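Coordinates as given in protein-v5.txt (compact mmCIF, C-alpha atoms):
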```
# COMPACT_ATOMS: atom_id res chain seq x y z
CA MET A 73 83.95 68.94 146.16
CA TYR A 74 86.30 68.67 149.11
CA GLU A 75 87.12 72.32 149.70
CA PHE A 76 88.71 73.57 152.92
CA SER A 77 86.84 75.71 155.40
CA ILE A 78 87.12 79.44 154.86
CA ASP A 79 89.64 79.77 157.69
CA ASP A 80 91.79 76.89 156.45
CA ARG A 81 91.69 78.19 152.89
CA SER A 82 92.70 81.65 154.07
CA ALA A 83 95.63 80.16 155.97
CA VAL A 84 96.93 78.45 152.81
CA TYR A 85 96.79 81.66 150.79
CA ARG A 86 98.33 83.60 153.67
CA ALA A 87 101.32 81.26 153.75
CA ILE A 88 101.74 81.63 149.99
CA ASN A 89 101.51 85.42 150.00
CA GLU A 90 103.65 85.97 153.11
CA ARG A 91 106.44 83.59 152.13
CA ARG A 92 109.69 85.49 151.62
CA ASP A 93 113.24 84.66 150.57
CA THR A 94 114.77 85.37 153.96
CA ARG A 95 118.29 86.74 154.42
CA HIS A 96 118.05 88.20 157.92
CA PHE A 97 117.64 85.84 160.88
CA VAL A 98 117.57 86.10 164.66
CA ARG A 99 119.07 83.60 167.08
CA HIS A 100 116.83 80.54 167.39
CA GLU A 101 117.13 76.77 167.73
CA ILE A 102 114.81 74.61 165.63
CA ASP A 103 113.78 71.57 167.65
CA ASP A 104 113.75 68.11 166.13
CA LYS A 105 109.94 67.85 166.01
CA THR A 106 109.61 71.10 164.06
CA LEU A 107 112.36 70.09 161.66
CA SER A 108 110.64 66.74 161.18
CA ARG A 109 107.40 68.50 160.23
CA LEU A 110 109.23 70.60 157.65
CA LEU A 111 110.92 67.56 156.12
CA GLN A 112 107.66 65.60 156.12
CA ALA A 113 106.03 68.49 154.25
CA ALA A 114 108.82 68.43 151.67
CA HIS A 115 108.57 64.64 151.36
CA ALA A 116 104.82 64.97 150.71
CA ALA A 117 105.47 66.89 147.49
CA PRO A 118 104.28 65.46 144.17
CA SER A 119 106.94 63.83 142.01
CA VAL A 120 106.95 62.56 138.46
CA GLY A 121 106.33 58.80 138.41
CA PHE A 122 106.26 59.01 142.23
CA MET A 123 110.04 58.71 142.06
CA GLN A 124 110.68 60.97 145.10
CA PRO A 125 114.14 61.93 143.84
CA TRP A 126 115.10 64.17 146.76
CA ASP A 127 117.61 63.73 149.60
CA PHE A 128 118.14 66.24 152.41
CA ILE A 129 121.43 67.12 154.14
CA ILE A 130 121.02 68.88 157.50
CA ILE A 131 123.99 71.15 158.30
CA ARG A 132 124.39 72.67 161.75
CA ASP A 133 128.18 72.61 162.19
CA LYS A 134 129.53 76.16 162.55
CA ALA A 135 132.88 75.49 160.86
CA MET A 136 131.16 73.88 157.86
CA ARG A 137 128.78 76.82 157.57
CA GLU A 138 131.64 79.31 157.71
CA LYS A 139 133.40 77.44 154.93
CA ILE A 140 130.25 77.48 152.78
CA ARG A 141 129.71 81.18 153.46
CA SER A 142 133.27 82.04 152.39
CA HIS A 143 132.70 80.19 149.13
CA VAL A 144 129.36 81.92 148.51
CA LEU A 145 130.80 85.39 149.12
CA SER A 146 133.65 84.59 146.73
CA GLU A 147 131.16 83.48 144.07
CA LYS A 148 129.10 86.63 144.69
CA GLU A 149 132.19 88.71 143.94
CA LYS A 150 132.72 86.86 140.66
CA ALA A 151 129.06 87.19 139.66
CA GLY A 152 129.15 90.90 140.44
CA ARG A 153 131.52 91.47 137.52
CA HIS A 154 128.58 90.97 135.17
CA TYR A 155 126.96 94.22 136.33
CA GLN A 156 127.99 97.81 135.74
CA ASP A 157 127.47 101.27 137.23
CA GLU A 158 124.40 101.67 139.47
CA ARG A 159 123.39 98.04 138.97
CA ALA A 160 126.80 96.89 140.20
CA GLU A 161 126.59 99.14 143.25
CA LEU A 162 123.12 97.87 144.11
CA TYR A 163 124.25 94.26 143.66
CA GLN A 164 127.08 94.74 146.16
CA ARG A 165 124.67 96.14 148.75
CA ILE A 166 122.21 93.25 148.51
CA LYS A 167 122.59 90.63 151.25
CA ILE A 168 122.42 87.26 149.50
CA GLU A 169 122.68 84.82 152.42
CA GLY A 170 122.16 84.15 156.11
CA ILE A 171 124.31 81.04 156.25
CA VAL A 172 125.86 81.65 159.66
CA GLU A 173 122.96 83.53 161.29
CA CYS A 174 120.22 81.01 160.51
CA SER A 175 119.41 78.00 162.69
CA LEU A 176 120.54 75.41 160.17
CA LEU A 177 121.14 74.72 156.50
CA ILE A 178 119.37 72.14 154.37
CA GLY A 179 121.07 70.91 151.21
CA ILE A 180 118.79 69.18 148.70
CA THR A 181 119.84 66.89 145.87
CA CYS A 182 118.13 65.07 143.02
CA ASP A 183 118.63 61.42 142.08
CA SER A 184 117.47 61.26 138.46
CA LEU A 185 117.85 57.47 138.38
CA ARG A 186 115.70 56.73 141.41
CA GLY A 187 113.00 54.33 140.26
CA GLY A 188 115.09 53.03 137.36
CA PRO A 189 116.50 54.38 134.08
CA VAL A 190 113.02 54.65 132.53
CA ASN A 191 110.53 56.38 134.78
CA LEU A 192 106.85 57.08 134.23
CA GLY A 193 106.40 60.62 132.90
CA ARG A 194 110.08 61.29 132.14
CA VAL A 195 110.61 59.65 128.74
CA THR A 196 109.98 62.89 126.83
CA MET A 197 110.77 65.35 129.66
CA PRO A 198 113.58 63.92 131.81
CA GLN A 199 114.08 67.25 133.60
CA THR A 200 110.83 66.68 135.49
CA ALA A 201 112.89 64.90 138.16
CA GLN A 202 114.49 68.25 139.01
CA PHE A 203 111.07 69.95 138.78
CA SER A 204 109.83 67.49 141.39
CA VAL A 205 112.56 68.46 143.82
CA CYS A 206 111.63 72.13 143.37
CA ALA A 207 108.08 71.21 144.39
CA ALA A 208 109.52 69.68 147.58
CA VAL A 209 111.45 72.90 148.22
CA GLN A 210 108.26 74.95 147.90
CA ASN A 211 106.40 72.61 150.26
CA LEU A 212 109.12 73.03 152.86
CA TRP A 213 109.13 76.81 152.35
CA LEU A 214 105.40 77.16 152.92
CA ALA A 215 105.45 74.84 155.93
CA ALA A 216 108.27 76.91 157.40
CA ARG A 217 106.23 80.09 157.01
CA ALA A 218 103.31 78.42 158.79
CA GLU A 219 105.74 77.56 161.62
CA GLY A 220 106.88 81.20 161.80
CA LEU A 221 110.25 80.36 160.24
CA GLY A 222 112.04 81.95 157.30
CA VAL A 223 113.82 80.22 154.42
CA GLY A 224 116.45 81.64 152.09
CA TRP A 225 117.56 79.85 148.93
CA VAL A 226 121.29 80.43 148.32
CA SER A 227 121.97 79.96 144.63
CA ILE A 228 125.25 81.84 144.15
CA LEU A 229 127.56 78.86 144.58
CA ASP A 230 129.37 76.24 142.54
CA PRO A 231 127.30 73.00 142.60
CA GLN A 232 130.35 70.81 142.05
CA TRP A 233 132.23 72.51 144.87
CA ILE A 234 129.50 71.97 147.43
CA LYS A 235 128.85 68.41 146.27
CA GLN A 236 132.48 67.57 146.90
CA LEU A 237 132.46 69.34 150.26
CA LEU A 238 129.39 67.39 151.44
CA ASN A 239 130.39 64.03 149.89
CA VAL A 240 127.43 63.98 147.51
CA PRO A 241 127.70 61.10 145.00
CA PRO A 242 128.75 62.46 141.58
CA GLN A 243 125.69 61.10 139.76
CA LEU A 244 123.32 63.25 141.84
CA ASP A 245 122.29 66.79 140.89
CA TRP A 246 122.64 69.62 143.36
CA ILE A 247 119.36 71.55 143.61
CA ALA A 248 119.21 73.82 146.65
CA LEU A 249 120.99 75.18 149.68
CA LEU A 250 118.40 76.56 152.09
CA CYS A 251 118.99 78.74 155.15
CA VAL A 252 116.25 78.00 157.70
CA GLY A 253 115.57 79.84 160.93
CA ALA A 254 113.59 82.50 162.75
CA ALA A 255 113.17 85.42 160.38
CA GLU A 256 113.95 88.93 161.57
CA SER A 257 110.72 89.95 159.80
CA PHE A 258 108.39 89.02 156.95
CA PRO A 259 108.22 92.18 154.82
CA ASP A 260 105.07 93.05 152.89
CA ARG A 261 107.03 92.88 149.64
CA PRO A 262 110.00 90.79 148.46
CA ILE A 263 113.34 92.39 149.35
CA LEU A 264 114.53 92.57 145.73
CA GLU A 265 111.39 94.51 144.86
CA THR A 266 111.84 96.83 147.85
CA VAL A 267 115.46 97.69 147.01
CA GLY A 268 114.58 98.34 143.37
CA TRP A 269 116.19 95.32 141.70
CA ARG A 270 112.99 94.37 139.86
CA LYS A 271 109.29 95.16 140.01
CA ARG A 272 106.61 92.49 140.21
CA GLU A 273 105.26 91.71 136.75
CA SER A 274 101.60 92.28 135.98
CA LEU A 275 99.81 88.94 136.14
CA GLN A 276 97.39 90.19 133.48
CA LYS A 277 100.26 90.37 130.98
CA LEU A 278 101.46 86.87 131.79
CA VAL A 279 98.20 84.96 131.19
CA HIS A 280 97.22 83.99 127.64
CA ASP A 281 93.94 82.74 126.23
CA GLU A 282 94.08 79.44 124.30
CA SER A 283 97.42 80.35 122.64
CA TRP A 284 100.42 82.58 123.33
CA ASP A 285 99.35 85.28 120.88
CA ARG A 286 95.91 85.85 122.43
CA GLU A 287 95.43 88.06 125.47
CA TYR A 288 93.41 86.81 128.42
CA SER A 289 90.47 89.18 128.68
CA ALA A 290 89.03 88.40 132.13
CA GLU A 291 90.31 90.68 134.87
CA LEU A 292 92.85 89.08 137.24
```

Please express the file's structure as structure tokens.
Amino acid sequence: MYEFSIDDRSAVYRAINERRDTRHFVRHEIDDKTLSRLLQAAHAAPSVGFMQPWDFIIIRDKAMREKIRSHVLSEKEKAGRHYQDERAELYQRIKIEGIVECSLLIGITCDSLRGGPVNLGRVTMPQTAQFSVCAAVQNLWLAARAEGLGVGWVSILDPQWIKQLLNVPPQLDWIALLCVGAAESFPDRPILETVGWRKRESLQKLVHDESWDREYSAEL
């Protein structure tokens, strides 16, 4: 076995458990070496057929960020029409982005044809290219937490709109817009749990033994 030391192992679990979807940032400049470490961590993610389908767009320009924020707030307003009564009121109060306040944005795309039209591991599950990019996002997120930085994934936007804005080739899939910067804080619990949007599910109820219809009996 090649296990980590107790301290190193604890640090990994700490990063996992303290990672938060950050919306509140304080003024901070991310230097090039730190940004490089984050991108290297993302690039070290596993990918189906080792296709490495990700590309990263670094966005610092204030005017561009303001334009993106205006679009996101407009899309939030549209999405809010799906909720009613107390749920609608709570939705309007939730801060969904830190686009202007964060240090920089990172846009992430997926090239499903990288490595050729037939790629090892994707013949029966072609969507694993997108899964691979999500693994890169998580790597970057955990590395950022280890660096004392917060990350917020902004998903209330029109993928085609932002692709056109950022000159992304049409054949690529848009995966993520990440706000990255110094977090105002790292709360003990996720914000959406704190404000009452949803409670954390019981892990015990989500683990099955051998098949879906059999409960897992060992205590988790």

Counting all atoms listed in the file, the residue of A:Ala113, A:Leu292, A:Ile228, A:Val144 that sits nearest Gln276 (chain A):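 Answer, going by the shortest atom-to-atom distance: A:Leu292.
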
All residues 8 Å or closer to region 208-225 of chain A, only C-alpha atoms, same chain fewer than 3 positions away omitted, as a PyMOL selection string: chain A and resi 87-88+90-95+97+106+109-111+113-118+126+169-170+204-205+248-255+258

Draw an axis-aligned box over all listed atoms of region 158-176 of chain A, pad each side with 3 Å, and write its centre and edge lengths in Å, one decimal, as AutoDock Vina command-line options.
```
--center_x 123.2 --center_y 88.5 --center_z 150.8 --size_x 13.7 --size_y 32.3 --size_z 29.7
```

Atom pair CA of Ser146 (chain A) / CA of Leu229 (chain A): separation (Å):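 The value is 8.6 Å.
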
For Val240 (chain A), the nearest of the candidates A:Ser77, A:Ser108, A:Thr181, A:Gln164, counting all atoms listed in the file: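 Of the candidates, the smallest distance to Val240 (chain A) is held by A:Thr181.
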
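Interatomic distance, CA of Gly187 (chain A) to CA of Asp230 (chain A): 27.4 Å.
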
CA of Cys206 (chain A) to CA of Gly188 (chain A), straight-line distance in Å: 20.3 Å

Ref. answer, residues at most 8 Å from (112.1, 62.1, 145.5) with only C-alpha atoms, as a list in words: His115, Ser119, Phe122, Met123, Gln124, Pro125, Trp126, Asp127, Cys182, Asp183, Arg186, Ala201, Ser204 and Val205 of chain A

Best match for closeness to Val267 (chain A) among A:Tyr74, A:Asp133, A:Glu149, A:Arg159, counting all atoms listed in the file: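 Of all the options, A:Arg159 lies closest to Val267 (chain A).
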
Selected residue, from A:Leu237, A:Leu185, A:Leu192, A:Ile166, that lies nearest to Gly268 (chain A) when counting only C-alpha atoms: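 Between A:Leu237, A:Leu185, A:Leu192, A:Ile166, the residue approaching Gly268 (chain A) most closely is A:Ile166.
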
Best match for closeness to Val190 (chain A) among A:Ile102, A:Ile263, A:Val120, A:Ile247, counting all atoms listed in the file: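 Result for the nearest residue to Val190 (chain A): A:Val120.
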
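Distance annotation: of A:Leu145, A:Val172, A:Leu238, A:Met197, the residue with the minimal separation from Ile129 (chain A) is A:Leu238; atom set is all atoms listed in the file.
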
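The point (121.6, 82.5, 165.8) has these residues within 8 Å of it, counting only C-alpha atoms: Phe97, Val98, Arg99, His100, Glu101, Val172, Glu173, Cys174 and Ser175 of chain A.
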